[in-house]
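Structure file target-v4.cif; described as mmCIF, C-alpha atoms.
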```cif
data_upload
loop_
_atom_site.label_atom_id
_atom_site.label_comp_id
_atom_site.auth_asym_id
_atom_site.auth_seq_id
_atom_site.Cartn_x
_atom_site.Cartn_y
_atom_site.Cartn_z
CA MET Q 1 49.28 137.54 73.63
CA ALA Q 2 46.90 135.01 72.07
CA THR Q 3 43.94 136.35 70.13
CA THR Q 4 40.54 135.77 71.77
CA PHE Q 5 37.86 134.22 69.59
CA SER Q 6 34.97 134.32 72.05
CA ALA Q 7 32.96 136.43 69.59
CA ILE Q 8 32.91 133.59 67.01
CA PRO Q 9 29.91 131.32 67.69
CA LEU Q 10 30.41 127.59 68.18
CA THR Q 11 34.19 127.68 68.43
CA GLY Q 12 36.62 126.61 71.11
CA VAL Q 13 37.67 123.17 72.37
CA PRO Q 14 35.30 120.66 73.96
CA PHE Q 15 37.55 119.72 76.88
CA PRO Q 16 39.47 121.80 79.46
CA ARG Q 17 42.92 122.91 78.33
CA ALA Q 18 44.43 120.77 81.09
CA GLU Q 19 43.08 117.66 79.37
CA TYR Q 20 44.95 118.47 76.15
CA GLU Q 21 48.10 119.30 78.10
CA ARG Q 22 47.86 115.92 79.85
CA ARG Q 23 47.62 114.17 76.48
CA GLN Q 24 50.54 116.14 75.06
CA GLN Q 25 52.74 115.31 78.05
CA LYS Q 26 51.94 111.61 77.76
CA VAL Q 27 52.84 111.72 74.07
CA LEU Q 28 56.10 113.56 74.87
CA ALA Q 29 56.96 110.81 77.37
CA ALA Q 30 56.42 108.28 74.58
CA VAL Q 31 58.62 110.42 72.30
CA ALA Q 32 61.42 110.18 74.86
CA ARG Q 33 61.00 106.41 75.25
CA ALA Q 34 61.25 106.06 71.46
CA GLY Q 35 64.56 107.96 71.43
CA LEU Q 36 63.14 110.80 69.34
CA ASP Q 37 63.93 114.50 69.58
CA ALA Q 38 60.49 115.56 68.32
CA LEU Q 39 57.26 114.31 66.80
CA ALA Q 40 55.26 115.84 63.93
CA VAL Q 41 51.63 114.71 64.04
CA THR Q 42 49.64 114.87 60.79
CA ALA Q 43 46.73 112.36 61.01
CA TYR Q 44 43.40 114.18 61.43
CA GLY Q 45 42.21 112.18 64.42
CA HIS Q 46 45.55 112.49 66.20
CA LEU Q 47 45.60 116.25 65.61
CA GLU Q 48 42.13 116.61 67.10
CA TYR Q 49 43.07 114.40 70.05
CA LEU Q 50 46.07 116.58 70.90
CA SER Q 51 44.81 120.06 70.01
CA GLY Q 52 41.03 120.14 69.52
CA TYR Q 53 41.39 121.08 65.81
CA ASP Q 54 40.82 118.23 63.36
CA GLY Q 55 43.37 119.34 60.76
CA TYR Q 56 40.76 119.32 58.00
CA GLY Q 57 42.54 122.01 55.99
CA GLY Q 58 45.44 119.59 55.60
CA TYR Q 59 44.08 118.47 52.22
CA PHE Q 60 46.09 121.43 50.83
CA ARG Q 61 49.38 120.29 52.37
CA ALA Q 62 50.12 118.62 55.68
CA PHE Q 63 49.32 120.53 58.91
CA PRO Q 64 52.04 119.16 61.23
CA LEU Q 65 51.67 119.68 64.96
CA ILE Q 66 55.22 119.66 66.30
CA LEU Q 67 55.79 118.33 69.81
CA ALA Q 68 59.30 118.68 71.25
CA PRO Q 69 60.57 118.66 74.86
CA ALA Q 70 60.71 122.10 76.51
CA ARG Q 71 58.94 123.69 73.51
CA ALA Q 72 55.38 124.91 73.17
CA PRO Q 73 53.31 122.75 70.79
CA THR Q 74 53.61 124.35 67.36
CA TYR Q 75 51.11 124.06 64.53
CA VAL Q 76 52.34 124.65 60.96
CA VAL Q 77 49.21 125.42 58.95
CA ARG Q 78 47.98 127.08 55.78
CA LYS Q 79 47.54 130.84 56.23
CA TYR Q 80 44.01 130.54 54.85
CA ASP Q 81 43.06 128.29 57.80
CA GLU Q 82 44.94 130.12 60.54
CA ASP Q 83 41.90 131.76 62.16
CA ALA Q 84 40.06 128.43 62.24
CA VAL Q 85 43.03 126.73 63.88
CA ARG Q 86 43.30 129.48 66.52
CA ALA Q 87 39.57 129.40 67.20
CA GLN Q 88 39.21 125.61 67.34
CA SER Q 89 42.41 124.47 69.02
CA CYS Q 90 44.26 125.00 72.29
CA VAL Q 91 47.57 125.67 70.47
CA ASP Q 92 48.95 129.22 70.76
CA GLU Q 93 52.11 128.83 68.67
CA ILE Q 94 50.92 128.79 65.04
CA VAL Q 95 53.23 129.26 62.05
CA PRO Q 96 51.44 129.78 58.71
CA TYR Q 97 52.46 129.09 55.11
CA THR Q 98 50.61 130.55 52.13
CA GLN Q 99 51.27 128.52 48.98
CA GLN Q 100 51.87 124.79 48.65
CA GLY Q 101 55.43 125.40 47.52
CA ASP Q 102 56.17 127.28 50.78
CA PHE Q 103 55.31 124.35 53.00
CA GLY Q 104 58.64 122.51 53.14
CA LYS Q 105 60.68 125.64 53.87
CA VAL Q 106 58.33 126.93 56.59
CA TRP Q 107 58.23 123.54 58.32
CA ALA Q 108 62.01 123.26 58.10
CA ASP Q 109 62.48 126.78 59.48
CA VAL Q 110 60.51 125.84 62.61
CA LEU Q 111 62.68 122.76 63.16
CA ARG Q 112 65.84 124.85 62.66
CA ARG Q 113 64.61 127.39 65.18
CA TYR Q 114 64.16 124.55 67.66
CA GLY Q 115 67.66 123.20 66.95
CA LEU Q 116 66.29 120.02 65.37
CA GLN Q 117 67.80 120.30 61.88
CA SER Q 118 69.93 117.19 62.43
CA GLY Q 119 67.77 115.52 65.06
CA ARG Q 120 65.59 112.40 65.03
CA ILE Q 121 62.02 113.36 64.22
CA GLY Q 122 59.07 111.00 64.24
CA LEU Q 123 56.60 111.25 61.34
CA GLU Q 124 53.34 109.36 60.78
CA LEU Q 125 54.63 107.71 57.61
CA ASP Q 126 51.88 105.06 57.52
CA GLY Q 127 49.07 107.48 58.35
CA TRP Q 128 46.79 109.77 56.42
CA ASN Q 129 47.60 113.34 55.38
CA LEU Q 130 51.33 112.99 54.94
CA ALA Q 131 52.37 112.42 51.34
CA PRO Q 132 55.81 111.23 50.22
CA ALA Q 133 56.21 114.64 48.55
CA ASP Q 134 55.72 116.34 51.94
CA VAL Q 135 58.49 114.27 53.48
CA GLY Q 136 60.70 114.92 50.46
CA ALA Q 137 60.15 118.68 50.72
CA LEU Q 138 61.27 118.61 54.35
CA GLN Q 139 64.35 116.47 53.70
CA ALA Q 140 65.37 118.68 50.77
CA GLN Q 141 65.57 121.57 53.25
CA LEU Q 142 67.15 119.54 56.08
CA PRO Q 143 69.38 116.85 54.55
CA ASP Q 144 70.83 115.87 57.96
CA LEU Q 145 67.42 115.32 59.54
CA LYS Q 146 66.80 111.70 60.60
CA VAL Q 147 63.19 110.69 59.86
CA VAL Q 148 61.71 107.82 61.90
CA ASP Q 149 58.31 106.19 61.38
CA ALA Q 150 56.23 107.05 64.47
CA THR Q 151 52.78 106.16 63.12
CA ARG Q 152 51.93 104.08 66.20
CA LEU Q 153 53.15 106.56 68.81
CA VAL Q 154 50.03 108.71 69.34
CA PRO Q 155 47.69 105.68 69.12
CA SER Q 156 49.67 103.97 71.89
CA VAL Q 157 48.74 106.88 74.18
CA ALA Q 158 45.26 107.65 72.85
CA ALA Q 159 44.16 104.02 73.17
CA VAL Q 160 43.61 104.45 76.92
CA LYS Q 161 40.74 106.88 77.51
CA SER Q 162 40.34 109.38 80.34
CA GLU Q 163 37.02 109.65 82.18
CA LEU Q 164 36.22 112.75 80.12
CA GLU Q 165 36.72 110.75 76.94
CA LEU Q 166 34.65 107.84 78.20
CA ASP Q 167 31.83 110.23 79.06
CA ALA Q 168 31.97 111.49 75.46
CA MET Q 169 31.90 107.91 74.15
CA ARG Q 170 28.84 107.11 76.27
CA GLY Q 171 27.09 110.26 75.05
CA SER Q 172 27.88 109.27 71.49
CA MET Q 173 26.53 105.78 72.04
CA ALA Q 174 23.23 107.19 73.31
CA MET Q 175 22.78 108.73 69.83
CA THR Q 176 23.85 105.49 68.15
CA ASP Q 177 21.29 103.51 70.12
CA LEU Q 178 18.59 106.02 69.16
CA ALA Q 179 19.57 105.63 65.50
CA VAL Q 180 19.44 101.83 65.76
CA ARG Q 181 16.02 101.83 67.41
CA THR Q 182 14.69 104.16 64.71
CA PHE Q 183 16.14 101.87 62.02
CA GLN Q 184 14.41 98.86 63.54
CA GLN Q 185 11.06 100.54 64.13
CA SER Q 186 10.94 102.06 60.63
CA LEU Q 187 11.12 98.79 58.70
CA ARG Q 188 8.04 97.93 56.67
CA ASP Q 189 7.36 96.53 53.22
CA GLY Q 190 8.24 99.09 50.51
CA ILE Q 191 10.06 101.67 52.63
CA THR Q 192 13.37 102.75 51.07
CA GLU Q 193 16.83 102.97 52.57
CA ALA Q 194 16.76 106.73 52.03
CA GLU Q 195 13.44 107.07 53.87
CA VAL Q 196 14.73 105.12 56.88
CA ALA Q 197 17.91 107.22 56.88
CA ALA Q 198 15.79 110.38 56.89
CA ALA Q 199 13.80 109.06 59.86
CA ILE Q 200 17.06 108.35 61.71
CA ASP Q 201 18.44 111.81 60.98
CA ALA Q 202 15.21 113.45 62.15
CA ALA Q 203 15.10 111.48 65.40
CA VAL Q 204 18.70 112.24 66.29
CA ASP Q 205 18.36 115.90 65.32
CA LYS Q 206 15.23 116.23 67.47
CA SER Q 207 17.15 114.83 70.45
CA GLY Q 208 19.86 117.46 69.98
CA GLY Q 209 22.50 114.87 69.07
CA GLU Q 210 24.80 114.21 66.14
CA LEU Q 211 25.66 111.30 63.87
CA ARG Q 212 28.88 110.68 62.00
CA PRO Q 213 28.14 111.44 58.32
CA SER Q 214 27.85 108.92 55.48
CA TYR Q 215 26.71 105.91 57.49
CA THR Q 216 25.80 102.53 56.00
CA LEU Q 217 22.16 101.48 55.56
CA LEU Q 218 21.26 98.74 53.07
CA PHE Q 219 18.42 96.38 52.17
CA GLY Q 220 18.28 92.99 50.44
CA ALA Q 221 21.01 92.16 47.95
CA ARG Q 222 22.57 95.60 48.55
CA THR Q 223 23.74 94.39 51.99
CA ARG Q 224 26.69 92.89 50.08
CA LEU Q 225 28.09 96.43 49.63
CA PRO Q 226 30.56 97.23 52.43
CA HIS Q 227 30.15 100.86 53.56
CA GLY Q 228 27.29 101.34 51.10
CA ARG Q 229 25.25 104.52 51.51
CA PRO Q 230 21.45 104.58 51.62
CA ALA Q 231 19.68 104.91 48.28
CA LYS Q 232 16.07 104.99 47.06
CA HIS Q 233 15.91 101.22 47.26
CA PRO Q 234 12.91 99.55 48.99
CA ILE Q 235 12.91 96.55 51.29
CA ARG Q 236 10.51 93.70 50.56
CA MET Q 237 9.12 90.94 52.74
CA ASN Q 238 11.60 88.23 53.75
CA GLU Q 239 14.65 90.40 53.02
CA PRO Q 240 17.53 91.36 55.32
CA ALA Q 241 18.52 94.89 56.33
CA PHE Q 242 21.83 96.13 57.70
CA THR Q 243 23.16 99.36 59.17
CA GLU Q 244 26.48 100.58 60.52
CA VAL Q 245 25.89 103.91 62.21
CA GLY Q 246 27.60 105.97 64.87
CA GLY Q 247 26.76 108.92 67.06
CA SER Q 248 29.28 111.66 67.71
CA LYS Q 249 30.02 113.79 70.78
CA HIS Q 250 33.02 116.14 70.92
CA GLY Q 251 34.35 114.28 67.86
CA TYR Q 252 34.21 110.89 69.62
CA ALA Q 253 32.37 108.25 67.60
CA ALA Q 254 30.71 105.11 68.91
CA GLY Q 255 29.59 102.93 66.03
CA LEU Q 256 27.35 99.88 65.93
CA CYS Q 257 26.44 97.30 63.30
CA ARG Q 258 22.91 95.93 63.53
CA SER Q 259 20.90 93.64 61.24
CA ALA Q 260 17.21 92.94 60.81
CA ILE Q 261 14.88 90.68 58.81
CA LEU Q 262 11.51 91.85 57.50
CA GLY Q 263 9.58 88.59 57.83
CA ARG Q 264 11.72 85.43 57.73
CA HIS Q 265 14.92 84.42 55.94
CA PRO Q 266 16.41 81.15 57.26
CA GLY Q 267 19.77 81.59 55.52
CA ALA Q 268 20.33 85.09 56.79
CA GLU Q 269 19.12 84.10 60.26
CA SER Q 270 21.64 81.24 60.40
CA LEU Q 271 24.47 83.49 59.23
CA HIS Q 272 23.63 86.10 61.84
CA ALA Q 273 23.55 83.48 64.61
CA LEU Q 274 27.14 82.60 63.72
CA ALA Q 275 28.14 86.30 63.79
CA GLU Q 276 26.61 86.64 67.26
CA GLU Q 277 28.50 83.60 68.53
CA ALA Q 278 31.82 84.90 67.17
CA LEU Q 279 31.25 88.38 68.60
CA GLU Q 280 30.39 86.99 72.04
CA ALA Q 281 33.53 84.81 72.00
CA ALA Q 282 35.67 87.87 71.21
CA ILE Q 283 34.06 89.92 73.98
CA ALA Q 284 34.59 87.08 76.46
CA ALA Q 285 38.31 87.02 75.55
CA ILE Q 286 38.83 90.66 76.51
CA LYS Q 287 40.72 91.31 79.73
CA PRO Q 288 43.82 93.28 80.74
CA GLY Q 289 47.05 91.57 79.66
CA VAL Q 290 45.49 89.75 76.69
CA THR Q 291 46.85 90.61 73.24
CA THR Q 292 44.76 92.13 70.48
CA GLY Q 293 45.63 89.12 68.33
CA ALA Q 294 44.21 86.72 70.93
CA VAL Q 295 40.87 88.53 70.86
CA ASP Q 296 40.79 88.24 67.06
CA ALA Q 297 41.67 84.54 67.32
CA ALA Q 298 38.72 83.90 69.66
CA ALA Q 299 36.25 85.22 67.08
CA ARG Q 300 38.00 83.58 64.15
CA LYS Q 301 38.00 80.17 65.86
CA VAL Q 302 34.19 80.18 66.04
CA ILE Q 303 33.87 80.96 62.34
CA GLU Q 304 36.51 78.44 61.30
CA ARG Q 305 34.74 75.77 63.35
CA SER Q 306 31.66 76.34 61.18
CA GLY Q 307 33.68 75.21 58.16
CA ARG Q 308 33.15 78.53 56.34
CA PRO Q 309 36.21 80.69 57.11
CA GLN Q 310 35.84 82.53 53.78
CA ILE Q 311 32.66 84.30 54.92
CA PHE Q 312 34.68 86.47 57.36
CA ARG Q 313 36.72 88.96 55.29
CA HIS Q 314 38.14 91.41 57.81
CA ARG Q 315 39.66 91.99 61.26
CA THR Q 316 37.68 91.55 64.47
CA GLY Q 317 37.94 95.16 65.60
CA TYR Q 318 39.86 98.38 66.01
CA GLN Q 319 40.62 101.18 68.45
CA THR Q 320 37.90 103.80 68.72
CA GLY Q 321 37.83 107.44 69.76
CA ILE Q 322 38.10 110.57 67.67
CA ASN Q 323 37.45 110.29 63.93
CA TRP Q 324 35.86 106.78 64.15
CA SER Q 325 39.15 105.05 63.23
CA GLU Q 326 42.60 106.15 62.12
CA ARG Q 327 45.18 104.32 60.05
CA GLY Q 328 47.91 103.06 62.38
CA ASN Q 329 45.66 102.70 65.44
CA LEU Q 330 45.50 99.50 67.50
CA SER Q 331 43.82 96.66 65.63
CA LEU Q 332 42.24 93.34 66.65
CA GLU Q 333 43.70 91.31 63.80
CA PRO Q 334 45.62 88.05 63.29
CA GLY Q 335 49.04 88.12 64.94
CA SER Q 336 48.74 91.58 66.48
CA THR Q 337 50.66 91.86 69.74
CA ASP Q 338 49.39 95.02 71.44
CA VAL Q 339 48.40 94.30 75.04
CA LEU Q 340 45.00 95.32 76.38
CA GLU Q 341 44.83 97.80 79.26
CA PRO Q 342 41.88 99.14 81.27
CA GLY Q 343 40.39 102.20 79.59
CA MET Q 344 41.01 101.05 76.02
CA THR Q 345 37.98 101.18 73.72
CA PHE Q 346 37.29 99.05 70.64
CA HIS Q 347 34.61 98.67 67.98
CA MET Q 348 34.19 94.96 67.20
CA PRO Q 349 32.17 94.29 64.02
CA ILE Q 350 31.56 90.71 62.88
CA ILE Q 351 30.13 91.01 59.38
CA LEU Q 352 29.69 87.79 57.38
CA PHE Q 353 29.02 87.47 53.65
CA GLN Q 354 27.02 84.80 51.88
CA GLU Q 355 28.68 84.91 48.46
CA GLY Q 356 26.46 86.45 45.81
CA GLU Q 357 23.49 86.92 48.18
CA TYR Q 358 23.81 89.17 51.26
CA GLY Q 359 26.09 90.35 54.05
CA LEU Q 360 25.10 91.01 57.63
CA GLY Q 361 26.23 90.76 61.23
CA CYS Q 362 26.56 92.70 64.45
CA SER Q 363 29.06 94.58 66.59
CA GLU Q 364 29.69 96.11 69.98
CA ASN Q 365 31.70 99.08 71.22
CA VAL Q 366 33.47 98.05 74.42
CA VAL Q 367 35.65 99.51 77.16
CA VAL Q 368 38.35 97.27 78.62
CA THR Q 369 37.93 97.12 82.41
CA GLU Q 370 39.83 95.36 85.20
CA ARG Q 371 37.26 92.54 85.03
CA GLY Q 372 36.83 92.25 81.26
CA ALA Q 373 34.72 94.26 78.82
CA GLU Q 374 31.99 96.83 79.41
CA ILE Q 375 29.52 97.03 76.52
CA LEU Q 376 28.50 100.63 75.83
CA SER Q 377 25.33 99.95 73.84
CA SER Q 378 21.87 99.34 75.31
CA THR Q 379 20.45 97.78 72.12
CA PRO Q 380 20.94 93.99 71.87
CA HIS Q 381 23.16 92.71 69.08
CA SER Q 382 20.73 89.89 68.34
CA LEU Q 383 18.95 89.84 64.98
CA TYR Q 384 15.91 92.14 64.93
CA ARG Q 385 12.78 90.64 63.37
CA ALA Q 386 10.33 93.17 62.00
#
```

Please express the file's structure as structure tokens.
Amino acid sequence: MATTFSAIPLTGVPFPRAEYERRQQKVLAAVARAGLDALAVTAYGHLEYLSGYDGYGGYFRAFPLILAPARAPTYVVRKYDEDAVRAQSCVDEIVPYTQQGDFGKVWADVLRRYGLQSGRIGLELDGWNLAPADVGALQAQLPDLKVVDATRLVPSVAAVKSELELDAMRGSMAMTDLAVRTFQQSLRDGITEAEVAAAIDAAVDKSGGELRPSYTLLFGARTRLPHGRPAKHPIRMNEPAFTEVGGSKHGYAAGLCRSAILGRHPGAESLHALAEEALEAAIAAIKPGVTTGAVDAAARKVIERSGRPQIFRHRTGYQTGINWSERGNLSLEPGSTDVLEPGMTFHMPIILFQEGEYGLGCSENVVVTERGAEILSSTPHSLYRA
């Protein structure tokens, strides 16, 4: 009988158990289509998607969630974290290990018990939280095991959101929009990045919402720092400002990139106008049946037409959901061939860099619909002038 953790405050899973079971069954169907006997999930976001627990303790060793036909989902976790996993996941079958050196044997023992010692098992080889040493420890115990790279398997299922997930994304975006409005309204000569960040945190906290930690907020020349964190650096008249910030609800993040000018800055204004045009071209390209690469090409064509292709250094977007983004998830990048379906969600940032001066741009979080793209944000992606 499973232990009840109702006495522990703020624990449990955010969605009904049936929602997690639906996700697990869809992943198991993908396992069968891939010709696998089982899947071991190790990426934090994928673990949270399938179980409710984010796998954070996996920094010690991997925390594989084993999914196999006709078997209960089984979590192999560090003994130290066992109570947290039981309290914050919907998984009942939990097998602990104590020391790092025990990990390979305990994981292998579970696979033996399930008759999988010589089967084909999918591992997230191109994802986070699975080191080559982890795979080696398993294969040392099970030399006949056939390991297959299944990094893209969970993302292929998780890309299409349920209504419960979309509700969480919309709730998250409400917090993002609040953060963006506070960013815009706080700008004045001499205020620092850290002071604006504090105003954002206070506004979101007062509303009862959450933000994803460590967001980007930069002024002036510091806008050239991708993913830069706010510092005690002031903005001055005629300087640009940039933020990439995201709310969070039930672990689902909805990020936005927004830029502003305090006063006027013709160069930055021109650059941002190009970013807006590219973003709008990408959004217009979104519809069911279109490839992710075609969406990227629509944005890239606008920038290349300007004669400055070097100012765009990254992909056009990526799959969103739990954990902001996850390595191996669907990507709007050159040549990608994944096909868009209704219910998929993407963050689409177009950030352009004027070499040696500044970087700024805009983004949208969108849901693919039968008719095209639904934009989740209520704050315009146009340049804000303070």

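With distances taken from (67.6, 119.0, 66.4) and restricted to only C-alpha atoms, the residues inside 12 Å are Leu36, Asp37, Ala38, Leu39, Ala68, Pro69, Ala108, Asp109, Val110, Leu111, Arg112, Arg113, Tyr114, Gly115, Leu116, Gln117, Ser118, Gly119, Arg120, Ile121, Gly122, Leu142, Asp144, Leu145, Lys146 and Val147 of chain Q.
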
Reference answer for the PyMOL selection byres ((chain Q and resi 322) around 12), as a ChimeraX atom specification: /Q:43-54,155,158-159,161,165-166,168-169,172,212,246-255,319-321,323-326,329,345-346

Selection: 8 Å around range 175-183 of chain Q, all atoms listed in the file, excl. self and same-chain fewer than 3 positions, as a list in words: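 So the residues in contact are Gly171, Ser172, Ser186, Leu187, Val196, Ala197, Ala199, Ile200, Asp201, Ala203, Val204, Gly209, Glu210, Leu211, Thr243, Val245, Gly246, Gly247, Ser248, Ala254, Gly255, Leu256, Arg258, Ser377, Ser378 and Thr379 of chain Q.
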
Point-to-point distance in Å for CA of Asp338 in chain Q and CA of Ala62 in chain Q: 28.4 Å

Target residues per the PyMOL selection byres ((chain Q and resi 358-371) around 7), formatted as an MDAnalysis selection string: chainID Q and resid 220:221 223:224 242 254:259 272 275:276 279 286:288 341:354 356:357 372:377 381

Chain and number of each residue from the PyMOL selection byres ((chain Q and resi 140) around 12), as a ChimeraX atom specification: /Q:103-105,107-108,117,133-139,141-145

Which residues come within 10 Å of Ile235 in chain Q, counting all atoms listed in the file, excluding same-chain residues fewer than 5 positions away, as a short mmCIF file (atom, residue, chain, number, x, y, z; two decimals) with C-alpha atoms, in the coordinates of the input?
```cif
data_model
loop_
_atom_site.label_atom_id
_atom_site.label_comp_id
_atom_site.auth_asym_id
_atom_site.auth_seq_id
_atom_site.Cartn_x
_atom_site.Cartn_y
_atom_site.Cartn_z
CA LEU Q 187 11.12 98.79 58.70
CA ARG Q 188 8.04 97.93 56.67
CA ASP Q 189 7.36 96.53 53.22
CA GLY Q 190 8.24 99.09 50.51
CA ILE Q 191 10.06 101.67 52.63
CA THR Q 192 13.37 102.75 51.07
CA GLU Q 193 16.83 102.97 52.57
CA LEU Q 218 21.26 98.74 53.07
CA PHE Q 219 18.42 96.38 52.17
CA GLY Q 220 18.28 92.99 50.44
CA ALA Q 221 21.01 92.16 47.95
CA PRO Q 240 17.53 91.36 55.32
CA ALA Q 241 18.52 94.89 56.33
CA ILE Q 261 14.88 90.68 58.81
CA LEU Q 262 11.51 91.85 57.50
#
```

Glu304 in chain Q environment, 12 Å, all atoms listed in the file, sequence neighbours closer than 6 positions dropped, as a list of chain:residue names: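 Answer for this query is Q:Leu274, Q:Ala275, Q:Glu277, Q:Ala278, Q:Ala297, Q:Ala298, Q:Gln310, Q:Ile311, Q:Phe312.
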
Distance in Å - CA of Glu239 in chain Q versus CA of Ser306 in chain Q: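 CA of Ser306 in chain Q lies 23.5 Å from CA of Glu239 in chain Q.
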
Residue nearest Arg264 in chain Q among Q:Arg222, Q:Lys206, Q:Arg313, Q:Arg385 (counting only C-alpha atoms): Q:Arg385

Nearest residue to Gln24 in chain Q from the set Q:Pro230, Q:Glu82, Q:Leu153, Q:Asp102 (distances using all atoms listed in the file): Q:Leu153

Dig up all the protein and nucleic acid residues within 9 Å of (42.2, 91.5, 67.4) in the file frame, using all atoms listed in the file, and format them as a PDB file with C-alpha atoms, keeping the file's coordinate frame.
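Listing of selection-v3.pdb after writing:
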```pdb
ATOM      1  CA  ALA Q 282      35.670  87.870  71.210  1.00  0.00           C
ATOM      2  CA  THR Q 291      46.850  90.610  73.240  1.00  0.00           C
ATOM      3  CA  THR Q 292      44.760  92.130  70.480  1.00  0.00           C
ATOM      4  CA  GLY Q 293      45.630  89.120  68.330  1.00  0.00           C
ATOM      5  CA  ALA Q 294      44.210  86.720  70.930  1.00  0.00           C
ATOM      6  CA  VAL Q 295      40.870  88.530  70.860  1.00  0.00           C
ATOM      7  CA  ASP Q 296      40.790  88.240  67.060  1.00  0.00           C
ATOM      8  CA  ALA Q 297      41.670  84.540  67.320  1.00  0.00           C
ATOM      9  CA  ALA Q 298      38.720  83.900  69.660  1.00  0.00           C
ATOM     10  CA  ALA Q 299      36.250  85.220  67.080  1.00  0.00           C
ATOM     11  CA  ARG Q 315      39.660  91.990  61.260  1.00  0.00           C
ATOM     12  CA  THR Q 316      37.680  91.550  64.470  1.00  0.00           C
ATOM     13  CA  GLY Q 317      37.940  95.160  65.600  1.00  0.00           C
ATOM     14  CA  TYR Q 318      39.860  98.380  66.010  1.00  0.00           C
ATOM     15  CA  LEU Q 330      45.500  99.500  67.500  1.00  0.00           C
ATOM     16  CA  SER Q 331      43.820  96.660  65.630  1.00  0.00           C
ATOM     17  CA  LEU Q 332      42.240  93.340  66.650  1.00  0.00           C
ATOM     18  CA  GLU Q 333      43.700  91.310  63.800  1.00  0.00           C
ATOM     19  CA  PRO Q 334      45.620  88.050  63.290  1.00  0.00           C
ATOM     20  CA  GLY Q 335      49.040  88.120  64.940  1.00  0.00           C
ATOM     21  CA  SER Q 336      48.740  91.580  66.480  1.00  0.00           C
ATOM     22  CA  THR Q 337      50.660  91.860  69.740  1.00  0.00           C
ATOM     23  CA  ASP Q 338      49.390  95.020  71.440  1.00  0.00           C
ATOM     24  CA  MET Q 348      34.190  94.960  67.200  1.00  0.00           C
TER      25      MET Q 348
END
```

Atom-to-atom span, CA of Gln185 in chain Q and CA of Pro266 in chain Q, Å: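 About the pair CA of Gln185 in chain Q and CA of Pro266 in chain Q: they are 21.3 Å apart.
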
Nearest-residue call for Glu21 in chain Q, choices Q:Glu269, Q:Val77, Q:Leu383, Q:Val91, using only C-alpha atoms: Q:Val91

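With distances taken over all atoms listed in the file, Q:Arg61 is the one residue among Q:Ala40, Q:Glu19, Q:Arg61, Q:Thr74 lying closest to Gln99 in chain Q.
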
Q:Glu355, Q:Asp92, Q:Asp149, Q:Glu244 ranked by distance to Gly35 in chain Q, top pick (using only C-alpha atoms):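 Closest to Gly35 in chain Q, using only C-alpha atoms: Q:Asp149.
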
Which of Q:Ala29, Q:Met237, Q:Ala284, Q:Ala18 sits closest to Ala386 in chain Q [using only C-alpha atoms]: Q:Met237

Any chance you could build range 16-27 of chain Q out to N, CA and C atoms and write it as a short mmCIF file (atom, residue, chain, number, x, y, z; two decimals), in the coordinates of the input?
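Final file, rebuild30.cif:
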```cif
data_model
loop_
_atom_site.label_atom_id
_atom_site.label_comp_id
_atom_site.auth_asym_id
_atom_site.auth_seq_id
_atom_site.Cartn_x
_atom_site.Cartn_y
_atom_site.Cartn_z
N PRO Q 16 38.60 120.81 78.83
CA PRO Q 16 39.47 121.80 79.46
C PRO Q 16 40.88 121.73 78.89
N ARG Q 17 41.56 122.86 78.86
CA ARG Q 17 42.92 122.91 78.33
C ARG Q 17 43.83 121.91 79.04
N ALA Q 18 43.60 121.71 80.34
CA ALA Q 18 44.43 120.77 81.09
C ALA Q 18 44.35 119.35 80.53
N GLU Q 19 43.21 118.99 79.96
CA GLU Q 19 43.08 117.66 79.37
C GLU Q 19 44.00 117.51 78.16
N TYR Q 20 44.06 118.53 77.32
CA TYR Q 20 44.95 118.47 76.15
C TYR Q 20 46.41 118.49 76.58
N GLU Q 21 46.72 119.26 77.60
CA GLU Q 21 48.10 119.30 78.10
C GLU Q 21 48.51 117.95 78.66
N ARG Q 22 47.58 117.27 79.34
CA ARG Q 22 47.86 115.92 79.85
C ARG Q 22 48.17 114.98 78.69
N ARG Q 23 47.38 115.04 77.64
CA ARG Q 23 47.62 114.17 76.48
C ARG Q 23 48.97 114.47 75.84
N GLN Q 24 49.27 115.75 75.68
CA GLN Q 24 50.54 116.14 75.06
C GLN Q 24 51.72 115.66 75.87
N GLN Q 25 51.63 115.76 77.20
CA GLN Q 25 52.74 115.31 78.05
C GLN Q 25 52.92 113.81 77.97
N LYS Q 26 51.82 113.07 77.90
CA LYS Q 26 51.94 111.61 77.76
C LYS Q 26 52.57 111.24 76.42
N VAL Q 27 52.23 111.97 75.37
CA VAL Q 27 52.84 111.72 74.07
C VAL Q 27 54.33 112.08 74.11
#
```
